[in-house]
Amino acid sequence: MLSLHQIKRTGGRLLLNSVRSSALTSSSAPLLRPYAARFYASTPSVTPQPATRKELSESFLDGTSAVYVEEMFAAWKSNPSSVHKSWDVFFRQSEKGAAPGTAYMSPPTLGRADYSPSTTSSSASSSAPTVSGSTDSLQRVNDSMRLVLLVRAYQVRGHSIATLDPLEIDIHEMPAELKPERYGFTEADMDREIYVGDNLISGFLSSGKHTTTLRSIIERLKQTYCGTIGVEYMHIQEREMCDWIRQRFETDQKYQLTPDQKKKTLERLAWADQFERFLNTKYKTHKRFGLDGCESLIPGTKALIDTAADLGVDSIVIGMPHRGRLNVLANVVRKPLPTIFSEFNGGVVTNETDEYTLSGDVKYHLGTSYDRPTNSGKLIHLSLVANPSHLEAVAPVVEGKTRAKQFYAEDKDRSTVLPIIMHGDAAFAGQGVVYETLHLSHLKDYTTGGSIHIIVNNQIGFTTDPKSSRSSMYCTDVAKTIDCPIFHVNGDDPEAVVHVMQTAAEWRQTFKRDVIVDIICYRRYGHNEIDQPHFTQPLMYQKIDKMTPVLTKYSEQLKKEGVLTAEAYDTMMEHIHSVYEKGYEEGAKKIPAASDWLESKWTGFKSPAQLARISDTAVSADILQKIGKVISTVPEGFSLHNTIKRNWKDKATMFETGKAIDWATAEALAFGSLMLEGNHVRLSGQDVERGTFSHRHAVLHDQKDGKTYTPLASLDTNQAAFSISNSSLSEFAVLGFELGYSLENPNSLILWEAQFGDFANGAQVIIDQFVSSGEQKWLRQSGLTMLLPHGYDGAGPEHSSARLERFLNLCDSDPNKPFSKEEGESKQIQHSNWQIVFCTTPANYFHVLRRQIHRDFRKPLVLMTSKYLLRYTPSFSTLSEMTVGGEAPRFRRIYPESFPDQIVPVDKVKRVVFCSGQVYYNLLKARTDNNVKDVALIRLEQIYPFPFDLVSEQVALYPNAEMIWCQEEPMNMGAWGFVRAHFATVLKSSGKSITYTGRPVSASPAVASPKVHDRQQSKFLSEALNFNIPSQ
């Protein structure tokens, strides 16, 4: 018996070669020739031609014919008499094991009334096909087969000649495969009856009849695939999904809105149109990046939301660029009009004191969150995420926030929370983060159950034409990589826009897959309202200047249809205008409040202007031992790798002795204790489950059956959830995703770990525009934690540096404004935009992770993490350093001299060397090896906020010492450029200064040669500690 795969290959070729020899004209032969011998040979002298690789890869015929054969085979398996006689013979012989190419022979009874399957089986088993049957029967079958190919061509390529461009600029020639003559049809065939049977052509084309005419089929194909909607879906691999789309579009009649739906669409269109006109009147010289030219977005989006709500969605997260944002805020999210107009008038959120400045952002970047009723009366929550001007950067943030909402709502089938992301055409095609974000859509720990992507396709990017901004036919082609449908729609047809938006909502709720809606429209003004587009697009804007607004066209259409009267229309417009006028008047008096921007889950968390509490972060010994027992054992019968087995034995010893707690164990204790307290923990990044340096092993793999076990997810039945996820090889999208996740709920520790610290620069847009500045611009707090491996170990220029200097350069620190000791742990950090920390002990790492949760405000944390120290025993901690009543109740911003008994008394100390990170252990070893007694070593664990109070104490402790800063990074990198000015403030009263020791300035982060690395290190260590290097 042949497999279905073999049958599809052979049957597909027979199908394609059923075209008569008359179809093999010089133009069509290359397309049809490759697919094997003729199904019927009305001209026996024509011989099959071999296929070339290029011809065999032709996607339209090769792929879709296989789908057709699969349809035939499925129908035949169900009922052999339901398919044409020729297919019945083919499948019968294939089932008996006939080789491809011999399974079919023309049934001698074709066209005879006395045909039955039983009478043909013996004659059909001949070793070679023969030509038999009447000429009429041959013509009948050939017509049917050729018609199938034509139908498939429209399903695949019909969109290319759809009426999509309201400007009629982007007009394509009809592809050859859409022309009937490509398949041997002539004008004489247009009205001839063609046999379609019961199963030959599915969907609207059959209409329940056995025959149809070529003309009627083509008319219906054009109505369906070449109108103001163009559908791309034949690239989707799942048959069920393709059928679903065909059923929605290949209907007996074109979609039709009811009179009430048309009125609602017009009303929503009017609100959108009048909003832009109102702003243009009141704020003529303001940039607003209006929606003029794509007003249909508003009724379309509202119809999408209505449909989604009816299908079970109760929360929607929206991300979008600046184009049309204010209109969406006003008419979709329904942000109060007085608030919007207040922002136009320069209104900003005021501070309770002048000690902390909120910068705010331009009005077309702001986000908001509101509950709004839908058209059917259901309440739905809408969140519009704040975003910068960096196009598409908000996309992964939306996905992460959506995933978090789904998690907290226990929306496991992803039915109640929906992400909607709006794009510009040039950005969707040009920004790499689009693909990075799409690529997350099917990943278990990142999927949101499908996003609805809406493209406002102005057919221009700032001043750049599409031909210069992409290499593909459509800006949406990148989305084909994830098998999602793409609906192109003419923005000047509001009903078509509404229809595809509703269909998009239905698709997403049915299949939990992404879907693209490409609204092809235009931009009535330039990039902004005071820009002059005629400079670069004179022909386009000559057409745009003559364009009738879509509201005018649609209202006239409805008047002609008798859906509404002119009086009703005028009344509606007067009402809309009066509402905008009232909002404008109230906006002049409104005083903005922070509550306009914040969500309820963050109620009670302190702003920078409110003094917050700081809690101890130590944990009871019982809790630590409970966690330790779980993370040092595995279930009965679980087969560990021998190396991990030894590690787990060592880990058990740690908890028995309370000593030598390594970095991975301290991290696990921090995570575990937070979860036992009810806080969700999520860690993601490249290879985080094992850890880049094979240190974490948070997910264990059975060596016999491959099953996995996650100890931290098995602490207690009442613990909060633990999620650890190896991510795709992306930094931009994944860090953006985790940032979005962190914005949803403050009671969670969300971490992203870079594979190597310098890989973080792949996410620099997220770091610069969101993480470091998000709170000051948008009042959005985040406790996102970034783990960045950093340290100079002789590994070369790459992977040595996490670029500490870049993060310090983004700090909003004033080195001339020191904070007192009372302010050092609360007020100072609240007034900081984030925290930069480089821990030197596992215990301090434990505390700083827990500190992220144990305070009533949130700040991003950037953690430099040493690779070298992961297995460096002298850096390890004791359990007592993490235990209530032990040595350290909370995070230590500074470690003073740890071995005062090994050096001279404080008044005899000649040098105090301040440092941060793993270089401390190099200094300590060098001090011991060289018997240096008059140098004290002080560690800055928290570089920012700079610990003015504690540094001042250390400086005062050593009155006769000179101050040194030592780092392993080059002089123009690392912390030196940042700490120098801060030390100057501390030392100002004493008349002292601080001196640099470290590597010399360099363009490259590190040298490639291990010998040069060691020589550099020896040199700066000797300079810092003031000893002579022994001669080599």
# chains A, B, ... in the order shown; residues from 1 in each chain; ligands from 1

$ select_by_dssp --residues "range 676-843 of chain A" --states "alpha helix (DSSP H)" --output "mmCIF file with N, CA, C and O atoms, in the first residue's frame"
data_model
loop_
_atom_site.group_PDB
_atom_site.id
_atom_site.type_symbol
_atom_site.label_atom_id
_atom_site.label_comp_id
_atom_site.auth_asym_id
_atom_site.auth_seq_id
_atom_site.Cartn_x
_atom_site.Cartn_y
_atom_site.Cartn_z
ATOM 1 N N LEU A 676 7.920 30.950 48.786
ATOM 2 C CA LEU A 676 7.215 30.474 49.974
ATOM 3 C C LEU A 676 6.479 31.616 50.672
ATOM 4 O O LEU A 676 5.528 31.372 51.424
ATOM 5 N N PHE A 732 16.788 41.686 22.438
ATOM 6 C CA PHE A 732 15.853 42.802 22.321
ATOM 7 C C PHE A 732 14.441 42.370 22.720
ATOM 8 O O PHE A 732 13.827 42.922 23.649
ATOM 9 N N ALA A 733 13.918 41.362 22.035
ATOM 10 C CA ALA A 733 12.528 40.960 22.276
ATOM 11 C C ALA A 733 12.351 40.306 23.636
ATOM 12 O O ALA A 733 11.357 40.553 24.324
ATOM 13 N N VAL A 734 13.309 39.490 24.048
ATOM 14 C CA VAL A 734 13.133 38.759 25.308
ATOM 15 C C VAL A 734 13.242 39.702 26.504
ATOM 16 O O VAL A 734 12.445 39.617 27.453
ATOM 17 N N LEU A 735 14.211 40.610 26.482
ATOM 18 C CA LEU A 735 14.286 41.577 27.584
ATOM 19 C C LEU A 735 13.038 42.456 27.591
ATOM 20 O O LEU A 735 12.481 42.748 28.655
ATOM 21 N N GLY A 736 12.572 42.863 26.413
ATOM 22 C CA GLY A 736 11.337 43.639 26.346
ATOM 23 C C GLY A 736 10.154 42.868 26.905
ATOM 24 O O GLY A 736 9.295 43.427 27.604
ATOM 25 N N PHE A 737 10.102 41.577 26.597
ATOM 26 C CA PHE A 737 9.039 40.717 27.095
ATOM 27 C C PHE A 737 9.046 40.688 28.630
ATOM 28 O O PHE A 737 8.011 40.861 29.278
ATOM 29 N N GLU A 738 10.243 40.478 29.206
ATOM 30 C CA GLU A 738 10.325 40.382 30.667
ATOM 31 C C GLU A 738 10.039 41.729 31.322
ATOM 32 O O GLU A 738 9.458 41.778 32.408
ATOM 33 N N LEU A 739 10.420 42.821 30.676
ATOM 34 C CA LEU A 739 10.059 44.135 31.206
ATOM 35 C C LEU A 739 8.542 44.273 31.243
ATOM 36 O O LEU A 739 7.969 44.698 32.259
ATOM 37 N N GLY A 740 7.877 43.919 30.142
ATOM 38 C CA GLY A 740 6.419 43.988 30.112
ATOM 39 C C GLY A 740 5.797 43.134 31.194
ATOM 40 O O GLY A 740 4.819 43.530 31.847
ATOM 41 N N TYR A 741 6.364 41.975 31.413
ATOM 42 C CA TYR A 741 5.869 41.064 32.459
ATOM 43 C C TYR A 741 5.984 41.737 33.831
ATOM 44 O O TYR A 741 5.070 41.648 34.662
ATOM 45 N N SER A 742 7.105 42.425 34.064
ATOM 46 C CA SER A 742 7.335 43.044 35.371
ATOM 47 C C SER A 742 6.400 44.216 35.643
ATOM 48 O O SER A 742 6.205 44.603 36.789
ATOM 49 N N LEU A 743 5.851 44.813 34.584
ATOM 50 C CA LEU A 743 4.988 45.981 34.753
ATOM 51 C C LEU A 743 3.602 45.632 35.273
ATOM 52 O O LEU A 743 2.874 46.508 35.750
ATOM 53 N N GLU A 744 3.232 44.375 35.170
ATOM 54 C CA GLU A 744 1.851 44.011 35.475
ATOM 55 C C GLU A 744 1.572 43.925 36.963
ATOM 56 O O GLU A 744 0.528 44.383 37.434
ATOM 57 N N GLN A 764 19.744 47.220 23.703
ATOM 58 C CA GLN A 764 20.024 48.560 24.202
ATOM 59 C C GLN A 764 18.819 49.487 24.133
ATOM 60 O O GLN A 764 18.651 50.360 24.991
ATOM 61 N N VAL A 765 17.978 49.302 23.125
ATOM 62 C CA VAL A 765 16.784 50.162 23.030
ATOM 63 C C VAL A 765 15.880 49.966 24.242
ATOM 64 O O VAL A 765 15.368 50.937 24.820
ATOM 65 N N ILE A 766 15.687 48.730 24.646
ATOM 66 C CA ILE A 766 14.849 48.459 25.821
ATOM 67 C C ILE A 766 15.495 49.057 27.066
ATOM 68 O O ILE A 766 14.823 49.664 27.910
ATOM 69 N N GLY A 774 11.876 54.700 32.248
ATOM 70 C CA GLY A 774 10.423 54.507 32.193
ATOM 71 C C GLY A 774 9.667 55.164 33.329
ATOM 72 O O GLY A 774 8.595 55.738 33.132
ATOM 73 N N GLU A 775 10.223 55.107 34.545
ATOM 74 C CA GLU A 775 9.499 55.689 35.671
ATOM 75 C C GLU A 775 9.456 57.210 35.572
ATOM 76 O O GLU A 775 8.415 57.820 35.814
ATOM 77 N N GLN A 776 10.563 57.810 35.183
ATOM 78 C CA GLN A 776 10.581 59.273 35.114
ATOM 79 C C GLN A 776 9.722 59.804 33.980
ATOM 80 O O GLN A 776 9.113 60.866 34.091
ATOM 81 N N LYS A 777 9.621 59.059 32.886
ATOM 82 C CA LYS A 777 8.812 59.521 31.748
ATOM 83 C C LYS A 777 7.332 59.212 31.930
ATOM 84 O O LYS A 777 6.478 60.023 31.580
ATOM 85 N N TRP A 778 7.057 58.009 32.467
ATOM 86 C CA TRP A 778 5.680 57.518 32.401
ATOM 87 C C TRP A 778 5.096 57.112 33.757
ATOM 88 O O TRP A 778 3.994 56.574 33.816
ATOM 89 N N LEU A 804 29.731 47.900 32.100
ATOM 90 C CA LEU A 804 29.266 48.547 33.322
ATOM 91 C C LEU A 804 29.159 50.055 33.156
ATOM 92 O O LEU A 804 28.222 50.690 33.654
ATOM 93 N N GLU A 805 30.116 50.630 32.441
ATOM 94 C CA GLU A 805 30.146 52.085 32.282
ATOM 95 C C GLU A 805 28.904 52.626 31.593
ATOM 96 O O GLU A 805 28.459 53.743 31.871
ATOM 97 N N ARG A 806 28.335 51.846 30.696
ATOM 98 C CA ARG A 806 27.143 52.317 29.983
ATOM 99 C C ARG A 806 25.953 52.436 30.933
ATOM 100 O O ARG A 806 25.169 53.388 30.858
ATOM 101 N N PHE A 807 25.811 51.461 31.809
ATOM 102 C CA PHE A 807 24.697 51.499 32.757
ATOM 103 C C PHE A 807 24.887 52.639 33.757
ATOM 104 O O PHE A 807 23.920 53.324 34.125
ATOM 105 N N LEU A 808 26.134 52.863 34.178
ATOM 106 C CA LEU A 808 26.392 53.954 35.107
ATOM 107 C C LEU A 808 26.165 55.308 34.434
ATOM 108 O O LEU A 808 25.750 56.275 35.085
ATOM 109 N N ASN A 809 26.430 55.371 33.154
ATOM 110 C CA ASN A 809 26.220 56.622 32.431
ATOM 111 C C ASN A 809 24.741 56.976 32.332
ATOM 112 O O ASN A 809 24.378 58.139 32.136
ATOM 113 N N LYS A 821 23.171 59.461 56.112
ATOM 114 C CA LYS A 821 23.005 58.052 56.462
ATOM 115 C C LYS A 821 21.532 57.698 56.612
ATOM 116 O O LYS A 821 21.094 56.615 56.221
ATOM 117 N N GLU A 822 20.757 58.610 57.177
ATOM 118 C CA GLU A 822 19.330 58.338 57.353
ATOM 119 C C GLU A 822 18.619 58.195 56.001
ATOM 120 O O GLU A 822 17.605 57.500 55.894
ATOM 121 N N GLU A 823 19.138 58.862 55.005
ATOM 122 C CA GLU A 823 18.499 58.835 53.685
ATOM 123 C C GLU A 823 19.089 57.773 52.758
ATOM 124 O O GLU A 823 18.514 57.460 51.719
ATOM 125 N N GLY A 824 20.223 57.216 53.161
ATOM 126 C CA GLY A 824 20.986 56.357 52.256
ATOM 127 C C GLY A 824 20.285 55.103 51.793
ATOM 128 O O GLY A 824 20.516 54.630 50.673
ATOM 129 N N LYS A 827 15.338 57.099 51.007
ATOM 130 C CA LYS A 827 15.058 58.252 50.152
ATOM 131 C C LYS A 827 15.982 58.297 48.931
ATOM 132 O O LYS A 827 15.532 58.545 47.808
ATOM 133 N N GLN A 828 17.262 58.027 49.144
ATOM 134 C CA GLN A 828 18.208 58.112 48.034
ATOM 135 C C GLN A 828 17.871 57.120 46.928
ATOM 136 O O GLN A 828 17.862 57.462 45.747
ATOM 137 N N ILE A 829 17.559 55.913 47.332
ATOM 138 C CA ILE A 829 17.275 54.904 46.310
ATOM 139 C C ILE A 829 15.926 55.141 45.661
ATOM 140 O O ILE A 829 15.716 54.819 44.485
ATOM 141 N N GLN A 830 15.001 55.720 46.374
ATOM 142 C CA GLN A 830 13.708 56.046 45.772
ATOM 143 C C GLN A 830 13.845 57.141 44.720
ATOM 144 O O GLN A 830 13.094 57.174 43.749
ATOM 145 N N PRO A 842 27.973 35.398 47.878
ATOM 146 C CA PRO A 842 26.643 34.831 47.629
ATOM 147 C C PRO A 842 25.596 35.360 48.599
ATOM 148 O O PRO A 842 24.432 35.540 48.230
ATOM 149 N N ALA A 843 25.984 35.628 49.852
ATOM 150 C CA ALA A 843 25.025 36.117 50.840
ATOM 151 C C ALA A 843 24.473 37.473 50.431
ATOM 152 O O ALA A 843 23.266 37.745 50.540
#

$ closest_residue --among "A:Ala427, A:Ala618, A:Cys242, A:Val328" --to "Phe511 in chain A" --atoms "only C-alpha atoms"
A:Cys242

$ closest_residue --among "A:Ala1003, A:Leu138, A:Val909, A:Leu950" --to "Met973 in chain A" --atoms "only C-alpha atoms"
A:Ala1003

$ closest_residue --among "A:Ser730, A:Lys649, A:Val550, A:Asp758" --to "Thr437 in chain A" --atoms "only C-alpha atoms"
A:Ser730

$ residues_around --residues "Tyr225 in chain A" --least-positions-apart "4" --cutoff "12 Å" --atoms "only C-alpha atoms" --output "CSV table (one decimal) with N, CA, C and O atoms, in the first residue's frame"
chain,number,residue,atom,x,y,z
A,151,VAL,N,-8.8,27.9,-9.8
A,151,VAL,CA,-9.3,28.3,-8.5
A,151,VAL,C,-8.2,28.4,-7.5
A,151,VAL,O,-8.1,29.4,-6.7
A,152,ARG,N,-7.3,27.4,-7.5
A,152,ARG,CA,-6.1,27.5,-6.6
A,152,ARG,C,-5.3,28.7,-6.8
A,152,ARG,O,-4.7,29.3,-5.9
A,153,ALA,N,-5.1,29.1,-8.1
A,153,ALA,CA,-4.3,30.2,-8.4
A,153,ALA,C,-4.9,31.5,-7.7
A,153,ALA,O,-4.2,32.3,-7.2
A,154,TYR,N,-6.2,31.6,-7.8
A,154,TYR,CA,-6.9,32.8,-7.2
A,154,TYR,C,-6.7,32.8,-5.6
A,154,TYR,O,-6.6,33.8,-5.0
A,155,GLN,N,-6.8,31.6,-5.1
A,155,GLN,CA,-6.7,31.5,-3.6
A,155,GLN,C,-5.3,31.8,-3.2
A,155,GLN,O,-5.1,32.4,-2.1
A,156,VAL,N,-4.3,31.6,-4.0
A,156,VAL,CA,-2.9,31.9,-3.7
A,156,VAL,C,-2.5,33.3,-4.1
A,156,VAL,O,-1.8,34.0,-3.3
A,157,ARG,N,-2.9,33.7,-5.3
A,157,ARG,CA,-2.4,35.0,-5.8
A,157,ARG,C,-3.5,36.0,-6.1
A,157,ARG,O,-3.2,37.1,-6.6
A,158,GLY,N,-4.7,35.8,-5.8
A,158,GLY,CA,-5.8,36.7,-6.1
A,158,GLY,C,-5.6,38.1,-5.4
A,158,GLY,O,-5.9,39.1,-6.0
A,159,HIS,N,-4.9,38.1,-4.2
A,159,HIS,CA,-4.7,39.3,-3.5
A,159,HIS,C,-3.8,40.3,-4.3
A,159,HIS,O,-3.9,41.5,-4.1
A,160,SER,N,-3.0,39.8,-5.2
A,160,SER,CA,-2.1,40.7,-5.9
A,160,SER,C,-2.8,41.6,-6.9
A,160,SER,O,-2.2,42.6,-7.3
A,161,ILE,N,-4.0,41.3,-7.3
A,161,ILE,CA,-4.8,42.3,-8.1
A,161,ILE,C,-6.0,42.8,-7.4
A,161,ILE,O,-6.9,43.3,-8.0
A,162,ALA,N,-6.1,42.6,-6.1
A,162,ALA,CA,-7.2,43.2,-5.3
A,162,ALA,C,-7.1,44.7,-5.3
A,162,ALA,O,-6.1,45.3,-5.5
A,163,THR,N,-8.3,45.3,-5.1
A,163,THR,CA,-8.4,46.8,-5.1
A,163,THR,C,-8.1,47.3,-3.7
A,163,THR,O,-9.0,47.6,-2.9
A,164,LEU,N,-6.8,47.4,-3.4
A,164,LEU,CA,-6.4,47.6,-2.0
A,164,LEU,C,-5.9,49.1,-1.8
A,164,LEU,O,-6.0,49.6,-0.7
A,178,LEU,N,-3.3,33.7,-13.2
A,178,LEU,CA,-4.7,34.1,-12.9
A,178,LEU,C,-5.5,34.3,-14.3
A,178,LEU,O,-6.7,34.5,-14.2
A,217,ILE,N,-17.5,31.3,-12.3
A,217,ILE,CA,-16.5,31.0,-11.4
A,217,ILE,C,-15.5,32.2,-11.2
A,217,ILE,O,-15.2,32.6,-10.1
A,218,ILE,N,-15.1,32.7,-12.3
A,218,ILE,CA,-14.1,33.8,-12.3
A,218,ILE,C,-14.7,35.0,-11.7
A,218,ILE,O,-14.0,35.7,-10.9
A,219,GLU,N,-16.0,35.3,-11.9
A,219,GLU,CA,-16.6,36.4,-11.3
A,219,GLU,C,-16.6,36.3,-9.8
A,219,GLU,O,-16.3,37.2,-9.0
A,220,ARG,N,-16.9,35.1,-9.3
A,220,ARG,CA,-17.0,34.9,-7.9
A,220,ARG,C,-15.6,34.9,-7.3
A,220,ARG,O,-15.4,35.4,-6.2
A,221,LEU,N,-14.6,34.4,-8.0
A,221,LEU,CA,-13.2,34.4,-7.5
A,221,LEU,C,-12.7,35.9,-7.4
A,221,LEU,O,-12.1,36.2,-6.4
A,229,ILE,N,-10.6,43.5,-0.3
A,229,ILE,CA,-9.9,42.6,0.7
A,229,ILE,C,-9.1,41.7,0.0
A,229,ILE,O,-9.5,41.0,-1.0
A,230,GLY,N,-7.8,41.6,0.3
A,230,GLY,CA,-6.9,40.6,-0.3
A,230,GLY,C,-6.4,39.6,0.8
A,230,GLY,O,-6.0,40.1,1.9
A,231,VAL,N,-6.6,38.4,0.6
A,231,VAL,CA,-6.3,37.4,1.7
A,231,VAL,C,-5.1,36.5,1.3
A,231,VAL,O,-5.1,36.0,0.2
A,232,GLU,N,-4.2,36.4,2.2
A,232,GLU,CA,-3.0,35.5,2.0
A,232,GLU,C,-3.1,34.5,3.1
A,232,GLU,O,-3.0,34.8,4.3
A,233,TYR,N,-3.3,33.2,2.7
A,233,TYR,CA,-3.4,32.2,3.7
A,233,TYR,C,-2.9,30.8,3.2
A,233,TYR,O,-2.8,29.9,4.0
A,245,ILE,N,-10.5,29.7,6.9
A,245,ILE,CA,-10.5,30.9,6.1
A,245,ILE,C,-11.4,30.9,4.9
A,245,ILE,O,-12.1,31.8,4.6
A,246,ARG,N,-11.3,29.8,4.2
A,246,ARG,CA,-12.1,29.6,3.0
A,246,ARG,C,-13.6,29.7,3.3
A,246,ARG,O,-14.4,30.3,2.6
A,248,ARG,N,-14.9,31.3,5.6
A,248,ARG,CA,-15.3,32.7,6.0
A,248,ARG,C,-15.4,33.6,4.8
A,248,ARG,O,-16.2,34.5,4.8
A,249,PHE,N,-14.6,33.3,3.7
A,249,PHE,CA,-14.6,34.2,2.6
A,249,PHE,C,-15.2,33.6,1.3
A,249,PHE,O,-15.8,34.4,0.6
A,250,GLU,N,-15.2,32.3,1.2
A,250,GLU,CA,-15.8,31.7,0.0
A,250,GLU,C,-17.3,31.4,0.3
A,250,GLU,O,-17.7,30.3,0.3
A,251,THR,N,-18.0,32.5,0.5
A,251,THR,CA,-19.4,32.4,0.9
A,251,THR,C,-20.3,32.6,-0.3
A,251,THR,O,-19.8,33.2,-1.3
A,254,LYS,N,-21.4,38.1,-0.6
A,254,LYS,CA,-20.4,38.9,0.0
A,254,LYS,C,-20.9,39.3,1.4
A,254,LYS,O,-22.1,39.4,1.6
A,487,PHE,N,-4.6,39.6,6.2
A,487,PHE,CA,-5.7,40.3,5.5
A,487,PHE,C,-5.3,41.7,5.1
A,487,PHE,O,-5.1,42.5,6.0
A,488,HIS,N,-5.2,41.9,3.8
A,488,HIS,CA,-5.0,43.2,3.3
A,488,HIS,C,-6.3,43.9,3.0
A,488,HIS,O,-7.2,43.2,2.5
A,489,VAL,N,-6.5,45.1,3.4
A,489,VAL,CA,-7.8,45.7,3.2
A,489,VAL,C,-7.7,47.2,2.8
A,489,VAL,O,-6.8,47.9,3.3

$ select_by_dssp --residues "range 354-430 of chain A" --states "strand (DSSP E or B)" --output "list in words"
Thr368, Ser369, Tyr370, Asp371, Arg372, Pro373, Leu379, Ile380, His381, Leu382, Ser383, Leu384, Val417, Leu418, Pro419, Ile420, Ile421, Met422, His423 and Gly424 of chain A

$ write_last_selection --atoms "N, CA, C and O atoms" --output "compact mmCIF listing (two decimals), in the first residue's frame"
# COMPACT_ATOMS: atom_id res chain seq x y z
N THR A 368 -2.12 54.43 29.15
CA THR A 368 -3.22 54.59 30.08
C THR A 368 -3.93 53.26 30.25
O THR A 368 -3.61 52.28 29.58
N SER A 369 -4.91 53.23 31.14
CA SER A 369 -5.62 51.99 31.42
C SER A 369 -7.03 52.33 31.91
O SER A 369 -7.19 53.11 32.86
N TYR A 370 -8.04 51.74 31.25
CA TYR A 370 -9.43 52.02 31.61
C TYR A 370 -10.31 50.80 31.39
O TYR A 370 -9.98 49.93 30.56
N ASP A 371 -11.41 50.75 32.12
CA ASP A 371 -12.46 49.77 31.87
C ASP A 371 -13.53 50.44 31.02
O ASP A 371 -13.97 51.55 31.33
N ARG A 372 -13.94 49.74 29.94
CA ARG A 372 -14.92 50.34 29.04
C ARG A 372 -15.97 49.30 28.63
O ARG A 372 -15.66 48.13 28.44
N PRO A 373 -17.23 49.73 28.47
CA PRO A 373 -18.26 48.79 27.99
C PRO A 373 -18.14 48.62 26.47
O PRO A 373 -17.77 49.54 25.75
N LEU A 379 -18.19 44.55 29.94
CA LEU A 379 -17.12 45.41 30.41
C LEU A 379 -15.78 44.79 30.04
O LEU A 379 -15.55 43.59 30.26
N ILE A 380 -14.90 45.59 29.48
CA ILE A 380 -13.60 45.08 29.08
C ILE A 380 -12.52 46.06 29.53
O ILE A 380 -12.71 47.28 29.51
N HIS A 381 -11.39 45.52 29.98
CA HIS A 381 -10.28 46.35 30.45
C HIS A 381 -9.31 46.58 29.31
O HIS A 381 -8.86 45.63 28.66
N LEU A 382 -8.98 47.84 29.05
CA LEU A 382 -8.07 48.20 27.97
C LEU A 382 -6.84 48.88 28.55
O LEU A 382 -6.96 49.84 29.30
N SER A 383 -5.66 48.35 28.22
CA SER A 383 -4.40 48.96 28.65
C SER A 383 -3.61 49.35 27.41
O SER A 383 -3.35 48.49 26.56
N LEU A 384 -3.25 50.61 27.30
CA LEU A 384 -2.38 51.06 26.22
C LEU A 384 -1.00 51.31 26.83
O LEU A 384 -0.85 52.16 27.71
N VAL A 417 -7.41 37.17 27.79
CA VAL A 417 -6.52 38.33 27.67
C VAL A 417 -5.92 38.32 26.26
O VAL A 417 -5.34 37.33 25.83
N LEU A 418 -6.07 39.45 25.57
CA LEU A 418 -5.69 39.53 24.16
C LEU A 418 -4.72 40.68 23.92
O LEU A 418 -4.97 41.81 24.34
N PRO A 419 -3.61 40.44 23.23
CA PRO A 419 -2.72 41.54 22.82
C PRO A 419 -3.07 42.05 21.42
O PRO A 419 -3.29 41.26 20.50
N ILE A 420 -3.14 43.35 21.29
CA ILE A 420 -3.31 43.99 19.98
C ILE A 420 -2.11 44.92 19.78
O ILE A 420 -1.85 45.78 20.61
N ILE A 421 -1.41 44.72 18.68
CA ILE A 421 -0.23 45.54 18.40
C ILE A 421 -0.42 46.23 17.06
O ILE A 421 -0.68 45.57 16.05
N MET A 422 -0.31 47.55 17.08
CA MET A 422 -0.44 48.32 15.86
C MET A 422 0.94 48.72 15.35
O MET A 422 1.85 48.97 16.16
N HIS A 423 1.09 48.77 14.05
CA HIS A 423 2.39 49.01 13.43
C HIS A 423 2.26 49.99 12.28
O HIS A 423 1.18 50.20 11.73
N GLY A 424 3.40 50.54 11.88
CA GLY A 424 3.49 51.25 10.61
C GLY A 424 4.07 50.30 9.58
O GLY A 424 4.76 49.34 9.92

$ residues_around --residues "Lys264 in chain A" --least-positions-apart "3" --cutoff "12 Å" --atoms "only C-alpha atoms" --output "list in words"
Leu257, Thr258, Pro259, Asp260, Gln261, Glu267, Arg268, Leu269, Ala270, Trp271, Ile298, Pro299, Gly300, Lys302, Ala303, Asp306, Asn375, Pro494, Glu495, Val498, Ser555, Leu558, Val563, Leu564, Tyr569 and Met572 of chain A

$ residues_around --residues "Pro874 in chain A" --least-positions-apart "5" --cutoff "10 Å" --atoms "only C-alpha atoms" --output "number ranges by chain"
A: 660, 662, 841, 869, 921

$ closest_residue --among "A:Cys839, A:Leu879, A:Met320, A:Leu937" --to "Phe899 in chain A" --atoms "only C-alpha atoms"
A:Leu937

$ atom_distance --atom1 "CA of Pro900 in chain A" --atom2 "CA of Val979 in chain A"
24.7 Å
